[in-house]
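So this one's target38.pdb, PDB, C-alpha atoms:
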```pdb
ATOM      1  CA  MET A  15     128.733  29.122 -95.303
ATOM      2  CA  PRO A  16     127.719  28.868 -91.624
ATOM      3  CA  VAL A  17     130.565  29.413 -89.198
ATOM      4  CA  GLY A  18     131.303  27.424 -86.067
ATOM      5  CA  VAL A  19     130.852  29.035 -82.671
ATOM      6  CA  ILE A  20     134.592  28.886 -81.937
ATOM      7  CA  GLY A  21     136.713  30.847 -84.381
ATOM      8  CA  PHE A  22     140.365  31.883 -84.433
ATOM      9  CA  GLY A  23     141.604  35.375 -83.617
ATOM     10  CA  ALA A  24     144.795  35.963 -85.575
ATOM     11  CA  TRP A  25     146.221  39.065 -83.872
ATOM     12  CA  GLN A  26     148.463  36.808 -81.812
ATOM     13  CA  ILE A  27     150.210  35.352 -84.874
ATOM     14  CA  GLY A  28     150.683  38.786 -86.397
ATOM     15  CA  ALA A  29     152.350  40.990 -83.809
ATOM     16  CA  ALA A  30     152.254  42.579 -80.337
ATOM     17  CA  TRP A  31     152.073  39.291 -78.388
ATOM     18  CA  GLY A  32     155.740  38.442 -78.265
ATOM     19  CA  GLU A  33     157.469  36.399 -80.934
ATOM     20  CA  VAL A  34     155.386  33.671 -82.585
ATOM     21  CA  GLY A  35     157.439  31.834 -85.193
ATOM     22  CA  GLU A  36     155.989  30.994 -88.587
ATOM     23  CA  ASP A  37     156.085  27.239 -87.912
ATOM     24  CA  ASP A  38     154.137  27.648 -84.670
ATOM     25  CA  ALA A  39     151.676  30.022 -86.309
ATOM     26  CA  ASN A  40     151.000  27.633 -89.168
ATOM     27  CA  ALA A  41     150.710  24.697 -86.781
ATOM     28  CA  ALA A  42     148.127  26.614 -84.734
ATOM     29  CA  LEU A  43     146.119  27.465 -87.849
ATOM     30  CA  GLU A  44     146.184  23.884 -89.123
ATOM     31  CA  ALA A  45     145.245  22.477 -85.727
ATOM     32  CA  ALA A  46     142.283  24.844 -85.577
ATOM     33  CA  VAL A  47     140.981  23.657 -88.947
ATOM     34  CA  GLU A  48     141.494  20.020 -87.959
ATOM     35  CA  ALA A  49     139.458  20.717 -84.811
ATOM     36  CA  GLY A  50     136.566  22.072 -86.876
ATOM     37  CA  VAL A  51     137.255  25.834 -86.790
ATOM     38  CA  ASN A  52     136.201  27.540 -90.017
ATOM     39  CA  PHE A  53     136.163  31.262 -89.114
ATOM     40  CA  PHE A  54     139.404  33.239 -88.936
ATOM     41  CA  ASP A  55     139.576  36.884 -87.909
ATOM     42  CA  THR A  56     142.548  39.059 -88.831
ATOM     43  CA  ALA A  57     143.419  42.666 -89.722
ATOM     44  CA  ASP A  58     145.646  44.477 -92.175
ATOM     45  CA  VAL A  59     147.783  45.906 -89.347
ATOM     46  CA  TYR A  60     148.486  42.644 -87.545
ATOM     47  CA  GLY A  61     152.206  42.419 -88.240
ATOM     48  CA  ASP A  62     151.781  44.793 -91.200
ATOM     49  CA  GLY A  63     149.972  42.104 -93.196
ATOM     50  CA  ARG A  64     151.808  39.094 -91.752
ATOM     51  CA  SER A  65     148.676  37.656 -90.192
ATOM     52  CA  GLU A  66     146.697  38.060 -93.422
ATOM     53  CA  ARG A  67     149.466  36.409 -95.435
ATOM     54  CA  LEU A  68     149.656  33.448 -93.051
ATOM     55  CA  ILE A  69     145.909  32.975 -93.370
ATOM     56  CA  ALA A  70     146.201  33.197 -97.151
ATOM     57  CA  GLY A  71     148.480  30.182 -96.984
ATOM     58  CA  LEU A  72     145.954  28.364 -94.843
ATOM     59  CA  ARG A  73     143.183  29.196 -97.279
ATOM     60  CA  ARG A  74     145.158  27.770-100.182
ATOM     61  CA  ARG A  75     145.104  24.467 -98.295
ATOM     62  CA  HIS A  76     141.558  24.869 -96.957
ATOM     63  CA  PRO A  77     139.507  27.021 -99.361
ATOM     64  CA  GLU A  78     136.322  26.338 -97.415
ATOM     65  CA  ILE A  79     137.221  28.604 -94.485
ATOM     66  CA  THR A  80     135.666  32.034 -93.922
ATOM     67  CA  VAL A  81     138.045  34.939 -93.329
ATOM     68  CA  ALA A  82     137.210  38.282 -91.764
ATOM     69  CA  THR A  83     139.693  41.137 -91.837
ATOM     70  CA  LYS A  84     139.686  44.747 -90.669
ATOM     71  CA  MET A  85     140.793  48.125 -91.974
ATOM     72  CA  GLY A  86     141.292  51.599 -90.614
ATOM     73  CA  ARG A  87     144.201  51.485 -88.172
ATOM     74  CA  ARG A  88     146.960  52.367 -90.632
ATOM     75  CA  VAL A  89     146.297  56.088 -90.205
ATOM     76  CA  GLU A  90     145.824  58.652 -87.488
ATOM     77  CA  GLN A  91     142.452  58.028 -85.880
ATOM     78  CA  VAL A  92     140.468  61.018 -87.104
ATOM     79  CA  PRO A  93     137.085  60.635 -88.850
ATOM     80  CA  GLU A  94     138.182  62.191 -92.147
ATOM     81  CA  HIS A  95     140.643  59.356 -92.755
ATOM     82  CA  TYR A  96     137.713  56.939 -93.028
ATOM     83  CA  SER A  97     137.130  57.825 -96.674
ATOM     84  CA  ALA A  98     136.148  55.953 -99.809
ATOM     85  CA  GLU A  99     139.607  56.618-101.244
ATOM     86  CA  ASN A 100     141.392  55.092 -98.259
ATOM     87  CA  PHE A 101     138.948  52.178 -98.189
ATOM     88  CA  GLN A 102     139.917  51.324-101.780
ATOM     89  CA  VAL A 103     143.645  51.356-100.959
ATOM     90  CA  TRP A 104     143.273  49.299 -97.794
ATOM     91  CA  ASN A 105     140.953  46.876 -99.555
ATOM     92  CA  ASP A 106     143.452  46.395-102.386
ATOM     93  CA  ASP A 107     146.191  45.616 -99.858
ATOM     94  CA  SER A 108     144.071  43.070 -97.963
ATOM     95  CA  ARG A 109     142.886  41.360-101.140
ATOM     96  CA  ALA A 110     146.526  41.039-102.208
ATOM     97  CA  ASN A 111     147.625  39.722 -98.818
ATOM     98  CA  LEU A 112     144.734  37.249 -98.644
ATOM     99  CA  GLU A 113     145.050  36.344-102.348
ATOM    100  CA  VAL A 114     141.349  36.719-103.134
ATOM    101  CA  PRO A 115     139.378  39.021-105.438
ATOM    102  CA  THR A 116     136.557  39.393-102.904
ATOM    103  CA  LEU A 117     136.934  39.531 -99.134
ATOM    104  CA  ASP A 118     134.385  37.565 -97.113
ATOM    105  CA  LEU A 119     133.945  40.185 -94.378
ATOM    106  CA  VAL A 120     135.640  43.530 -93.804
ATOM    107  CA  GLN A 121     135.258  45.336 -90.489
ATOM    108  CA  LEU A 122     136.059  48.924 -89.676
ATOM    109  CA  HIS A 123     138.751  48.592 -87.026
ATOM    110  CA  CYS A 124     137.505  50.437 -83.931
ATOM    111  CA  PRO A 125     136.974  53.777 -85.683
ATOM    112  CA  PRO A 126     136.361  57.114 -83.932
ATOM    113  CA  THR A 127     132.778  57.559 -82.730
ATOM    114  CA  PRO A 128     131.754  60.133 -85.413
ATOM    115  CA  VAL A 129     132.405  57.500 -88.104
ATOM    116  CA  TYR A 130     129.355  55.545 -86.956
ATOM    117  CA  HIS A 131     127.167  58.501 -87.864
ATOM    118  CA  SER A 132     128.705  59.228 -91.287
ATOM    119  CA  GLU A 133     126.436  58.503 -94.244
ATOM    120  CA  ALA A 134     129.427  58.762 -96.585
ATOM    121  CA  VAL A 135     131.271  55.963 -94.756
ATOM    122  CA  PHE A 136     128.443  53.464 -95.031
ATOM    123  CA  THR A 137     127.625  54.485 -98.604
ATOM    124  CA  ALA A 138     131.249  53.741 -99.496
ATOM    125  CA  LEU A 139     131.009  50.332 -97.839
ATOM    126  CA  ASP A 140     127.766  49.569 -99.687
ATOM    127  CA  GLU A 141     129.462  50.500-102.951
ATOM    128  CA  MET A 142     132.325  48.104-102.190
ATOM    129  CA  VAL A 143     129.811  45.299-101.780
ATOM    130  CA  GLU A 144     128.149  46.256-105.060
ATOM    131  CA  ALA A 145     131.538  46.325-106.796
ATOM    132  CA  GLY A 146     132.358  42.808-105.606
ATOM    133  CA  ARG A 147     135.287  43.920-103.481
ATOM    134  CA  ILE A 148     133.711  42.574-100.285
ATOM    135  CA  ARG A 149     130.800  40.243 -99.588
ATOM    136  CA  ALA A 150     129.778  41.906 -96.336
ATOM    137  CA  TYR A 151     130.944  44.462 -93.822
ATOM    138  CA  GLY A 152     130.827  45.021 -90.100
ATOM    139  CA  VAL A 153     132.352  47.136 -87.372
ATOM    140  CA  SER A 154     134.756  46.248 -84.584
ATOM    141  CA  VAL A 155     133.910  48.519 -81.654
ATOM    142  CA  GLU A 156     135.293  49.627 -78.314
ATOM    143  CA  THR A 157     132.068  50.661 -76.546
ATOM    144  CA  CYS A 158     128.528  49.403 -76.218
ATOM    145  CA  GLU A 159     127.245  52.756 -77.471
ATOM    146  CA  GLN A 160     129.271  52.351 -80.668
ATOM    147  CA  ALA A 161     127.927  48.820 -81.082
ATOM    148  CA  LEU A 162     124.326  50.009 -80.789
ATOM    149  CA  ALA A 163     124.986  52.743 -83.383
ATOM    150  CA  ALA A 164     126.465  50.183 -85.768
ATOM    151  CA  ILE A 165     123.561  47.768 -85.292
ATOM    152  CA  GLU A 166     121.165  50.498 -86.440
ATOM    153  CA  ARG A 167     122.922  50.656 -89.817
ATOM    154  CA  PRO A 168     120.983  48.419 -92.246
ATOM    155  CA  GLY A 169     124.066  47.202 -94.113
ATOM    156  CA  VAL A 170     126.067  46.145 -91.069
ATOM    157  CA  ALA A 171     126.338  42.354 -90.956
ATOM    158  CA  THR A 172     128.433  41.965 -87.807
ATOM    159  CA  VAL A 173     129.573  43.747 -84.697
ATOM    160  CA  GLN A 174     132.784  42.683 -82.992
ATOM    161  CA  ILE A 175     133.007  43.593 -79.313
ATOM    162  CA  ILE A 176     134.967  42.640 -76.207
ATOM    163  CA  LEU A 177     132.854  40.147 -74.276
ATOM    164  CA  ASN A 178     134.079  37.853 -71.528
ATOM    165  CA  PRO A 179     133.451  37.265 -67.805
ATOM    166  CA  PHE A 180     135.386  40.503 -67.141
ATOM    167  CA  ARG A 181     133.412  42.552 -69.692
ATOM    168  CA  GLN A 182     129.714  41.856 -69.189
ATOM    169  CA  LYS A 183     128.114  45.172 -70.171
ATOM    170  CA  PRO A 184     127.281  43.950 -73.735
ATOM    171  CA  LEU A 185     124.808  41.502 -72.186
ATOM    172  CA  GLU A 186     122.526  44.382 -71.195
ATOM    173  CA  ALA A 187     121.656  45.964 -74.545
ATOM    174  CA  VAL A 188     124.086  45.022 -77.313
ATOM    175  CA  LEU A 189     123.370  41.295 -77.560
ATOM    176  CA  PRO A 190     119.577  41.709 -77.460
ATOM    177  CA  ALA A 191     119.705  44.492 -80.065
ATOM    178  CA  ALA A 192     121.962  42.490 -82.369
ATOM    179  CA  GLU A 193     119.786  39.413 -82.084
ATOM    180  CA  LYS A 194     116.668  41.447 -82.865
ATOM    181  CA  ALA A 195     118.334  43.071 -85.898
ATOM    182  CA  GLY A 196     119.848  39.844 -87.214
ATOM    183  CA  VAL A 197     123.383  41.188 -86.780
ATOM    184  CA  GLY A 198     126.133  38.716 -85.971
ATOM    185  CA  VAL A 199     128.157  39.199 -82.786
ATOM    186  CA  ILE A 200     131.868  38.374 -82.786
ATOM    187  CA  SER A 201     133.269  38.142 -79.262
ATOM    188  CA  ARG A 202     136.897  39.224 -79.098
ATOM    189  CA  VAL A 203     139.455  39.324 -76.240
ATOM    190  CA  PRO A 204     137.546  36.348 -74.792
ATOM    191  CA  LEU A 205     140.327  35.382 -72.389
ATOM    192  CA  ALA A 206     141.126  38.958 -71.287
ATOM    193  CA  SER A 207     144.564  38.773 -72.946
ATOM    194  CA  GLY A 208     145.230  35.465 -71.233
ATOM    195  CA  LEU A 209     144.213  36.466 -67.710
ATOM    196  CA  LEU A 210     141.256  34.096 -67.951
ATOM    197  CA  SER A 211     143.532  31.223 -68.912
ATOM    198  CA  GLY A 212     144.383  30.988 -65.228
ATOM    199  CA  LYS A 213     148.068  30.549 -66.064
ATOM    200  CA  TYR A 214     149.403  33.924 -64.965
ATOM    201  CA  THR A 215     150.700  35.045 -61.580
ATOM    202  CA  ALA A 216     151.896  38.278 -60.037
ATOM    203  CA  GLY A 217     155.385  37.298 -61.127
ATOM    204  CA  THR A 218     154.600  36.631 -64.795
ATOM    205  CA  GLU A 219     156.754  38.774 -67.078
ATOM    206  CA  PHE A 220     155.773  39.801 -70.609
ATOM    207  CA  GLY A 221     158.222  40.725 -73.356
ATOM    208  CA  ALA A 222     158.942  44.268 -74.435
ATOM    209  CA  ASP A 223     157.111  43.614 -77.741
ATOM    210  CA  ASP A 224     153.991  42.277 -75.973
ATOM    211  CA  HIS A 225     151.065  44.667 -75.517
ATOM    212  CA  ARG A 226     150.504  43.145 -72.068
ATOM    213  CA  ASN A 227     153.696  44.971 -71.181
ATOM    214  CA  PHE A 228     153.636  48.163 -73.262
ATOM    215  CA  ASN A 229     149.901  48.948 -73.249
ATOM    216  CA  ARG A 230     148.860  48.321 -69.644
ATOM    217  CA  HIS A 231     147.754  51.920 -69.293
ATOM    218  CA  GLY A 232     146.648  52.544 -72.873
ATOM    219  CA  GLU A 233     149.977  53.923 -74.060
ATOM    220  CA  ALA A 234     149.617  52.522 -77.603
ATOM    221  CA  PHE A 235     145.864  51.939 -78.093
ATOM    222  CA  ASP A 236     142.680  51.592 -76.090
ATOM    223  CA  VAL A 237     143.546  50.047 -72.738
ATOM    224  CA  GLY A 238     140.404  47.916 -72.961
ATOM    225  CA  GLU A 239     142.222  45.703 -75.480
ATOM    226  CA  THR A 240     144.793  44.725 -72.825
ATOM    227  CA  PHE A 241     143.517  42.484 -70.024
ATOM    228  CA  ALA A 242     140.036  43.756 -71.050
ATOM    229  CA  GLY A 243     140.865  47.008 -69.240
ATOM    230  CA  VAL A 244     141.062  45.299 -65.849
ATOM    231  CA  ASP A 245     143.886  46.059 -63.423
ATOM    232  CA  TYR A 246     146.232  43.066 -63.544
ATOM    233  CA  ALA A 247     146.196  42.340 -59.805
ATOM    234  CA  THR A 248     142.408  42.627 -59.675
ATOM    235  CA  GLY A 249     142.114  40.268 -62.621
ATOM    236  CA  LEU A 250     144.290  37.677 -60.904
ATOM    237  CA  ALA A 251     142.144  37.916 -57.771
ATOM    238  CA  ALA A 252     138.953  37.475 -59.791
ATOM    239  CA  VAL A 253     140.361  34.413 -61.549
ATOM    240  CA  GLU A 254     141.136  32.808 -58.186
ATOM    241  CA  ARG A 255     137.572  33.492 -57.080
ATOM    242  CA  MET A 256     136.224  31.775 -60.199
ATOM    243  CA  ARG A 257     138.650  28.881 -60.301
ATOM    244  CA  PRO A 258     136.535  26.648 -57.988
ATOM    245  CA  LEU A 259     133.609  27.080 -60.390
ATOM    246  CA  VAL A 260     135.397  25.318 -63.260
ATOM    247  CA  PRO A 261     133.883  21.854 -63.884
ATOM    248  CA  GLU A 262     136.106  18.822 -63.709
ATOM    249  CA  GLY A 263     137.890  18.128 -66.984
ATOM    250  CA  MET A 264     137.630  21.723 -68.190
ATOM    251  CA  THR A 265     140.435  24.266 -68.180
ATOM    252  CA  MET A 266     139.981  27.822 -66.921
ATOM    253  CA  ALA A 267     140.268  29.090 -70.501
ATOM    254  CA  GLN A 268     137.605  26.656 -71.711
ATOM    255  CA  PHE A 269     135.396  27.772 -68.830
ATOM    256  CA  ALA A 270     135.671  31.392 -69.959
ATOM    257  CA  LEU A 271     134.920  30.460 -73.573
ATOM    258  CA  ARG A 272     131.953  28.310 -72.532
ATOM    259  CA  TRP A 273     130.609  31.238 -70.482
ATOM    260  CA  ILE A 274     130.628  33.366 -73.626
ATOM    261  CA  LEU A 275     129.010  30.678 -75.775
ATOM    262  CA  ASP A 276     126.193  30.430 -73.236
ATOM    263  CA  GLN A 277     125.158  34.044 -73.877
ATOM    264  CA  PRO A 278     122.166  34.390 -76.248
ATOM    265  CA  GLY A 279     123.066  36.327 -79.363
ATOM    266  CA  VAL A 280     126.746  35.400 -79.606
ATOM    267  CA  THR A 281     127.607  34.173 -83.109
ATOM    268  CA  VAL A 282     131.278  33.284 -82.753
ATOM    269  CA  VAL A 283     134.051  33.781 -80.227
ATOM    270  CA  ILE A 284     137.604  34.316 -81.497
ATOM    271  CA  PRO A 285     140.315  33.255 -79.036
ATOM    272  CA  GLY A 286     143.883  33.517 -80.233
ATOM    273  CA  ALA A 287     146.455  30.737 -80.151
ATOM    274  CA  ARG A 288     150.220  30.748 -80.488
ATOM    275  CA  ASN A 289     150.597  26.970 -80.965
ATOM    276  CA  ALA A 290     148.646  23.888 -81.975
ATOM    277  CA  GLU A 291     147.921  22.790 -78.419
ATOM    278  CA  GLN A 292     146.186  26.072 -77.575
ATOM    279  CA  ALA A 293     144.198  25.991 -80.819
ATOM    280  CA  ARG A 294     142.897  22.491 -80.117
ATOM    281  CA  ALA A 295     142.013  23.325 -76.516
ATOM    282  CA  ASN A 296     140.113  26.441 -77.569
ATOM    283  CA  ALA A 297     138.085  24.548 -80.155
ATOM    284  CA  ALA A 298     137.192  21.875 -77.582
ATOM    285  CA  ALA A 299     135.355  24.443 -75.438
ATOM    286  CA  ALA A 300     132.359  24.061 -77.736
ATOM    287  CA  ASP A 301     132.066  20.379 -76.830
ATOM    288  CA  PHE A 302     131.241  21.039 -73.185
ATOM    289  CA  ALA A 303     127.686  21.370 -71.943
ATOM    290  CA  PRO A 304     126.419  24.840 -71.034
ATOM    291  CA  LEU A 305     127.357  25.970 -67.549
ATOM    292  CA  PRO A 306     124.639  25.695 -64.883
ATOM    293  CA  GLY A 307     122.655  28.806 -64.053
ATOM    294  CA  SER A 308     124.082  28.778 -60.534
ATOM    295  CA  VAL A 309     127.605  29.055 -61.940
ATOM    296  CA  HIS A 310     126.593  31.957 -64.157
ATOM    297  CA  GLY A 311     125.190  33.624 -61.062
ATOM    298  CA  GLN A 312     128.463  33.199 -59.198
ATOM    299  CA  VAL A 313     130.464  34.583 -62.132
ATOM    300  CA  ALA A 314     128.139  37.587 -62.130
ATOM    301  CA  ALA A 315     128.750  38.071 -58.415
ATOM    302  CA  VAL A 316     132.532  38.095 -58.894
ATOM    303  CA  TYR A 317     132.110  40.591 -61.715
ATOM    304  CA  ASP A 318     129.862  42.844 -59.653
ATOM    305  CA  GLU A 319     132.215  42.898 -56.692
ATOM    306  CA  LEU A 320     135.662  43.072 -58.277
ATOM    307  CA  ILE A 321     135.400  44.005 -61.947
ATOM    308  CA  ARG A 322     132.321  46.154 -62.506
ATOM    309  CA  PRO A 323     133.680  49.209 -60.636
ATOM    310  CA  GLN A 324     136.702  49.303 -62.968
ATOM    311  CA  VAL A 325     135.211  48.681 -66.403
ATOM    312  CA  HIS A 326     131.424  48.842 -66.623
ATOM    313  CA  HIS A 327     131.133  52.612 -66.971
ATOM    314  CA  ARG A 328     134.050  52.905 -69.385
ATOM    315  CA  TRP A 329     133.017  50.764 -72.334
TER     316      TRP A 329
END
```

In structure tokens, how does this file's structure come out?
Amino acid sequence: MPVGVIGFGAWQIGAAWGEVGEDDANAALEAAVEAGVNFFDTADVYGDGRSERLIAGLRRRHPEITVATKMGRRVEQVPEHYSAENFQVWNDDSRANLEVPTLDLVQLHCPPTPVYHSEAVFTALDEMVEAGRIRAYGVSVETCEQALAAIERPGVATVQIILNPFRQKPLEAVLPAAEKAGVGVISRVPLASGLLSGKYTAGTEFGADDHRNFNRHGEAFDVGETFAGVDYATGLAAVERMRPLVPEGMTMAQFALRWILDQPGVTVVIPGARNAEQARANAAAADFAPLPGSVHGQVAAVYDELIRPQVHHRW
């Protein structure tokens, strides 16, 4: 079924974002559905299956939703671990967690670059579709070059990439290529790990179990997943520069989401939420009119001055 332009990213209710209790997680999921969200993105490693299991409960109550999951991060990140044998094991685990015989969409979870050029990998994925294990497959990527390699693969249905006002490089080649190829684009980290919510200050403290604390320099995984790879102080300064651009009645977070939705070629954006209030506010971003061209120009100017030197060449 067609998916709405605002989805739900379920990393936050799995792990690595500080404690999110089960009641709050379920309330966020239910609020999202009530607000019209019908696309939920998770992964087998989010809380070691916790996120998938929470979404399975949601799907029992709302069987109409579409669920995307990911596989590949349970092992050391070397190309040879992306094998048909491992795919079968990971697929079995996700189908059990999500309580379905066939997964709607499975994405390789930011694999090493050589994986994108492996015929065996994509043959194995095609065979999983043929076997009825998955309906479609895609790739979650770190770099624009990886995205372009994935888009060239005829069986790839979606590419998931970091896209937000702090990560604008995908606008140059990835979005046009995806649109031309008919490949869906899933925009993740849309709020730059909350920086673009406008709620953080230099004094904000993050818990020891929050990646915004333990991965600021890429200690655990690609640093681009934390604050979109932007230095925290620089990100705060950029937010203050953009704050006057936010239309009346719109939050800073909704402004960032609306900016993404305005980009041609974006299929769905997947902000996370740790409670019902955040889920409802995220979904409401789709109700606002597109931002004026002049505002987009000013966002681009902030990016060029403060953010581009840090991130554009890296991803």

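Relative to CA of Asp38 in chain A, CA of Asp224 in chain A is found at 17.0 Å.
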
Applying 10 Å and only C-alpha atoms, which residues near range 226-239 of chain A remain after dropping the ones on its own chain fewer than 2 positions away? List them as a list in words. Ala30, Trp31, Gly32, Cys124, Glu156, Thr157, Ile176, Arg181, Arg202, Val203, Ala206, Ser207, Gly208, Glu219, Phe220, Gly221, Ala222, Asp223, Asp224, Phe241, Ala242, Gly243, Val244, Asp245, Tyr246, Val325, Arg328 and Trp329 of chain A

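Applied to the shown file, the PyMOL selection byres ((chain A and resi 79-81) around 8) selects the residues Met15, Val17, Asn52, Phe53, Phe54, Asp55, Thr56, Arg73, His76, Pro77, Glu78, Ala82, Thr83, Leu117, Asp118 and Leu119 of chain A.
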
So how many Å separate CA of Lys84 in chain A and CA of Phe269 in chain A, to one decimal? 28.0 Å

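Residues surrounding Ala145 in chain A within 12 Å are Gln102, Asn105, Pro115, Thr116, Leu117, Ala138 and Leu139 of chain A [all atoms listed in the file; sequence separation below 6 positions excluded].
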
Write a file of the just-selected residues containing C-alpha atoms, as a compact mmCIF listing (two decimals), keeping the file's coordinate frame.
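Output saved as out.txt:
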```
# COMPACT_ATOMS: atom_id res chain seq x y z
CA GLN A 102 139.92 51.32 -101.78
CA ASN A 105 140.95 46.88 -99.56
CA PRO A 115 139.38 39.02 -105.44
CA THR A 116 136.56 39.39 -102.90
CA LEU A 117 136.93 39.53 -99.13
CA ALA A 138 131.25 53.74 -99.50
CA LEU A 139 131.01 50.33 -97.84
```

The PyMOL selection byres ((chain A and resi 253-256) around 12) resolved against shown file, as a PyMOL selection string: chain A and resi 179-180+205-206+208-215+244+246-252+257-261+265-267+269-270+273+309-317+319-321

Selection above as a file: C-alpha atoms, as a PDB file, in the coordinates of the input:
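The result, stored in out04.pdb:
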```pdb
ATOM      1  CA  PRO A 179     133.451  37.265 -67.805  1.00  0.00           C
ATOM      2  CA  PHE A 180     135.386  40.503 -67.141  1.00  0.00           C
ATOM      3  CA  LEU A 205     140.327  35.382 -72.389  1.00  0.00           C
ATOM      4  CA  ALA A 206     141.126  38.958 -71.287  1.00  0.00           C
ATOM      5  CA  GLY A 208     145.230  35.465 -71.233  1.00  0.00           C
ATOM      6  CA  LEU A 209     144.213  36.466 -67.710  1.00  0.00           C
ATOM      7  CA  LEU A 210     141.256  34.096 -67.951  1.00  0.00           C
ATOM      8  CA  SER A 211     143.532  31.223 -68.912  1.00  0.00           C
ATOM      9  CA  GLY A 212     144.383  30.988 -65.228  1.00  0.00           C
ATOM     10  CA  LYS A 213     148.068  30.549 -66.064  1.00  0.00           C
ATOM     11  CA  TYR A 214     149.403  33.924 -64.965  1.00  0.00           C
ATOM     12  CA  THR A 215     150.700  35.045 -61.580  1.00  0.00           C
ATOM     13  CA  VAL A 244     141.062  45.299 -65.849  1.00  0.00           C
ATOM     14  CA  TYR A 246     146.232  43.066 -63.544  1.00  0.00           C
ATOM     15  CA  ALA A 247     146.196  42.340 -59.805  1.00  0.00           C
ATOM     16  CA  THR A 248     142.408  42.627 -59.675  1.00  0.00           C
ATOM     17  CA  GLY A 249     142.114  40.268 -62.621  1.00  0.00           C
ATOM     18  CA  LEU A 250     144.290  37.677 -60.904  1.00  0.00           C
ATOM     19  CA  ALA A 251     142.144  37.916 -57.771  1.00  0.00           C
ATOM     20  CA  ALA A 252     138.953  37.475 -59.791  1.00  0.00           C
ATOM     21  CA  ARG A 257     138.650  28.881 -60.301  1.00  0.00           C
ATOM     22  CA  PRO A 258     136.535  26.648 -57.988  1.00  0.00           C
ATOM     23  CA  LEU A 259     133.609  27.080 -60.390  1.00  0.00           C
ATOM     24  CA  VAL A 260     135.397  25.318 -63.260  1.00  0.00           C
ATOM     25  CA  PRO A 261     133.883  21.854 -63.884  1.00  0.00           C
ATOM     26  CA  THR A 265     140.435  24.266 -68.180  1.00  0.00           C
ATOM     27  CA  MET A 266     139.981  27.822 -66.921  1.00  0.00           C
ATOM     28  CA  ALA A 267     140.268  29.090 -70.501  1.00  0.00           C
ATOM     29  CA  PHE A 269     135.396  27.772 -68.830  1.00  0.00           C
ATOM     30  CA  ALA A 270     135.671  31.392 -69.959  1.00  0.00           C
ATOM     31  CA  TRP A 273     130.609  31.238 -70.482  1.00  0.00           C
ATOM     32  CA  VAL A 309     127.605  29.055 -61.940  1.00  0.00           C
ATOM     33  CA  HIS A 310     126.593  31.957 -64.157  1.00  0.00           C
ATOM     34  CA  GLY A 311     125.190  33.624 -61.062  1.00  0.00           C
ATOM     35  CA  GLN A 312     128.463  33.199 -59.198  1.00  0.00           C
ATOM     36  CA  VAL A 313     130.464  34.583 -62.132  1.00  0.00           C
ATOM     37  CA  ALA A 314     128.139  37.587 -62.130  1.00  0.00           C
ATOM     38  CA  ALA A 315     128.750  38.071 -58.415  1.00  0.00           C
ATOM     39  CA  VAL A 316     132.532  38.095 -58.894  1.00  0.00           C
ATOM     40  CA  TYR A 317     132.110  40.591 -61.715  1.00  0.00           C
ATOM     41  CA  GLU A 319     132.215  42.898 -56.692  1.00  0.00           C
ATOM     42  CA  LEU A 320     135.662  43.072 -58.277  1.00  0.00           C
ATOM     43  CA  ILE A 321     135.400  44.005 -61.947  1.00  0.00           C
TER      44      ILE A 321
END
```

Pull out every residue that the PyMOL selection byres ((chain A and resi 294) around 10) matches in the shown coordinates and put them as a PyMOL selection string. chain A and resi 42-51+287+289-293+295-299

Using all atoms listed in the file, which protein or nucleic acid residues come within 10 Å of Ala98 in chain A? Drop anything in the same chain fewer than 6 positions from it, and give the result as a list of chain:residue names. A:Trp104, A:Ala134, A:Val135, A:Phe136, A:Thr137, A:Ala138, A:Leu139, A:Glu141, A:Met142

Using only C-alpha atoms, which protein or nucleic acid residues come within 10 Å of Pro190 in chain A? Drop anything in the same chain fewer than 4 positions from it, and give the result as a list in words. Pro184, Leu185, Glu186, Lys194, Ala195, Gly196, Pro278, Gly279 and Val280 of chain A

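The gap separating CA of Gly198 in chain A from CA of Arg87 in chain A is 22.2 Å, in Å to one decimal.
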
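Around range 127-133 of chain A, within 8 Å and counting all atoms listed in the file, the residues found are Pro93, Tyr96, Phe136, Thr137, Gln160, Ala163 and Ala164 of chain A, once anything fewer than 3 positions away on its own chain is removed.
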
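The shortest atom-to-atom distance to Gln268 in chain A, with all atoms listed in the file taken into account, belongs to A:Asn178 out of A:Asn178, A:Thr281, A:Gln121, A:Gln26.
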
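Closest approach to Tyr60 in chain A from the set A:Ala150, A:Ala24, A:Val282, A:Leu112 is made by A:Ala24, with distances taken over only C-alpha atoms.
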
Could you pull range 114-119 of chain A out of the structure I just pasted and write it to a file containing N, CA and C atoms, as a compact mmCIF listing (two decimals), in the first residue's frame?
```
# COMPACT_ATOMS: atom_id res chain seq x y z
N VAL A 114 5.60 -12.30 11.32
CA VAL A 114 5.05 -12.38 9.96
C VAL A 114 5.85 -13.40 9.16
N PRO A 115 5.20 -14.07 8.20
CA PRO A 115 5.94 -15.00 7.34
C PRO A 115 6.77 -14.30 6.27
N THR A 116 6.32 -13.09 5.88
CA THR A 116 7.00 -12.33 4.83
C THR A 116 7.21 -10.90 5.31
N LEU A 117 8.44 -10.43 5.24
CA LEU A 117 8.74 -9.06 5.64
C LEU A 117 8.46 -8.10 4.48
N ASP A 118 7.88 -6.95 4.80
CA ASP A 118 7.51 -5.99 3.76
C ASP A 118 8.75 -5.48 3.01
N LEU A 119 9.75 -5.05 3.77
CA LEU A 119 10.97 -4.47 3.19
C LEU A 119 12.13 -4.78 4.11
```
